[in-house]
Amino acid sequence: MNAQWLGMWLCLVPVLAWAAPQKVEVTVNDQIRYSTKKIEAKVGVPLEITLRHTGKIPKANMSHNMVIVKPGSMVAMISARCVGAKDKNYVADDADTKSAIVVASPQMGPGETYVLRFTPTQAGEYPFLCTYPGHFGEMNGVIVVK
Ligand SMILES: [Cu+2]
């Protein structure tokens, strides 16, 4: 391979490795549910989820978040641990929970927006949930990565 070819390849590599992010918006409000329960994504394509709280109930009385966990995680157990972590914004930080969480938003009140970003590295179903006490039963869903 001569220098000219090598130079061409070095220019191409970053272009091939870069993929435009897939943008998804999920809203939450005073109903205890996400606007969607299923998000489809692709391995290697950055996923950008904008979580928007459009409700009115003050944050002191109720809030929402989104915690995305790895495929195969024990979601009910993670929910239970997080519900007990009031002083940590309802996101437990024990070793098991930390290793299961891919990305988590803070607890959000009315008018707040947060962008969660991650690039799935493996195919599978990534569960997501709200860890505010009592919300997991309704506020859960899955990111299907192919
Ligand atoms: Cu919630």
# chains A, B, ... in the order shown; residues from 1 in each chain; ligands from 1

call {"tool": "residues_near_ligand", "arguments": {"ligand": "ligand 1", "cutoff": "7 Å", "atoms": "only C-alpha atoms and all ligand atoms", "output": "tab-separated table (two decimals) with N, CA and C atoms, in the first residue's frame"}}
result
chain	number	residue	atom	x	y	z
A	32	ILE	N	-49.17	8.67	35.48
A	32	ILE	CA	-47.96	7.90	35.81
A	32	ILE	C	-47.67	6.94	34.66
A	33	ARG	N	-47.19	7.52	33.54
A	33	ARG	CA	-46.81	6.68	32.41
A	33	ARG	C	-45.89	7.45	31.45
A	63	SER	N	-42.28	13.13	41.21
A	63	SER	CA	-41.34	13.37	40.12
A	63	SER	C	-41.19	12.10	39.29
A	64	HIS	N	-40.50	12.24	38.18
A	64	HIS	CA	-40.27	11.09	37.30
A	64	HIS	C	-38.82	11.07	36.85
A	65	ASN	N	-38.33	9.89	36.53
A	65	ASN	CA	-37.03	9.79	35.89
A	65	ASN	C	-37.07	8.66	34.88
A	130	CYS	N	-39.18	4.09	35.65
A	130	CYS	CA	-39.14	5.24	36.56
A	130	CYS	C	-39.00	4.66	37.96
A	131	THR	N	-38.05	5.20	38.72
A	131	THR	CA	-37.76	4.63	40.04
A	131	THR	C	-38.41	5.40	41.19
A	132	TYR	N	-39.27	6.38	40.86
A	132	TYR	CA	-40.01	7.07	41.92
A	132	TYR	C	-40.95	6.04	42.56
A	135	HIS	N	-44.14	3.96	40.96
A	135	HIS	CA	-44.30	4.23	39.53
A	135	HIS	C	-43.90	3.08	38.61
A	139	MET	N	-44.81	2.74	34.88
A	139	MET	CA	-43.76	3.44	34.13
A	139	MET	C	-42.58	2.51	33.86

call {"tool": "residues_around", "arguments": {"residues": "A:Val142", "least_positions_apart": "5", "cutoff": "8 Å", "atoms": "only C-alpha atoms", "output": "ChimeraX atom specification"}}
result
/A:37-39,125-128

call {"tool": "write_last_selection", "arguments": {"atoms": "N, CA and C atoms", "output": "mmCIF file, in the first residue's frame"}}
result
data_model
loop_
_atom_site.group_PDB
_atom_site.id
_atom_site.type_symbol
_atom_site.label_atom_id
_atom_site.label_comp_id
_atom_site.auth_asym_id
_atom_site.auth_seq_id
_atom_site.Cartn_x
_atom_site.Cartn_y
_atom_site.Cartn_z
ATOM 1 N N LYS A 37 -43.858 2.961 25.340
ATOM 2 C CA LYS A 37 -43.326 1.835 26.111
ATOM 3 C C LYS A 37 -42.284 1.079 25.304
ATOM 4 N N LYS A 38 -42.112 1.468 24.047
ATOM 5 C CA LYS A 38 -41.167 0.740 23.206
ATOM 6 C C LYS A 38 -40.404 1.698 22.300
ATOM 7 N N ILE A 39 -39.084 1.555 22.332
ATOM 8 C CA ILE A 39 -38.209 2.367 21.483
ATOM 9 C C ILE A 39 -37.349 1.380 20.704
ATOM 10 N N GLU A 125 -32.935 -6.503 24.510
ATOM 11 C CA GLU A 125 -33.981 -5.636 25.037
ATOM 12 C C GLU A 125 -33.488 -4.970 26.306
ATOM 13 N N TYR A 126 -33.358 -3.661 26.242
ATOM 14 C CA TYR A 126 -32.893 -2.871 27.379
ATOM 15 C C TYR A 126 -34.128 -2.301 28.091
ATOM 16 N N PRO A 127 -34.453 -2.805 29.273
ATOM 17 C CA PRO A 127 -35.618 -2.264 29.984
ATOM 18 C C PRO A 127 -35.351 -0.835 30.487
ATOM 19 N N PHE A 128 -36.416 -0.044 30.567
ATOM 20 C CA PHE A 128 -36.294 1.262 31.234
ATOM 21 C C PHE A 128 -37.450 1.413 32.211
#

call {"tool": "residues_around", "arguments": {"residues": "stretch 42-44 of chain A", "least_positions_apart": "3", "cutoff": "10 Å", "atoms": "only C-alpha atoms", "output": "MDAnalysis selection string"}}
result
chainID A and resid 17:19 21:22 47 118:124 143:146

call {"tool": "residues_around", "arguments": {"residues": "A:Lys98", "least_positions_apart": "6", "cutoff": "12 Å", "atoms": "only C-alpha atoms", "output": "list in words"}}
result
Val67, Ile68, Val69, Lys70, Ser73, Ile78, Arg81, Cys82, Val91, Ala92 and Ala104 of chain A

call {"tool": "closest_residue", "arguments": {"among": "A:Ala41, A:Ile49, A:Met66, A:Ile57", "to": "A:Gln107", "atoms": "only C-alpha atoms"}}
result
A:Met66

call {"tool": "select_by_dssp", "arguments": {"residues": "chain A", "states": "strand (DSSP E or B)", "output": "number ranges by chain"}}
result
A: 22-28, 34, 38-41, 47-53, 64, 67-69, 101-104, 108, 113-118, 124-129, 140-145

call {"tool": "atom_distance", "arguments": {"atom1": "atom CA of A:Tyr34", "atom2": "atom CA of A:Asp94"}}
result
26.2 Å

call {"tool": "closest_residue", "arguments": {"among": "A:Glu40, A:Asp30, A:Lys23, A:Leu51", "to": "A:Tyr114", "atoms": "only C-alpha atoms"}}
result
A:Leu51

call {"tool": "closest_residue", "arguments": {"among": "A:Ala100, A:Ala20, A:Leu116, A:Met62", "to": "A:Pro46", "atoms": "only C-alpha atoms"}}
result
A:Ala20
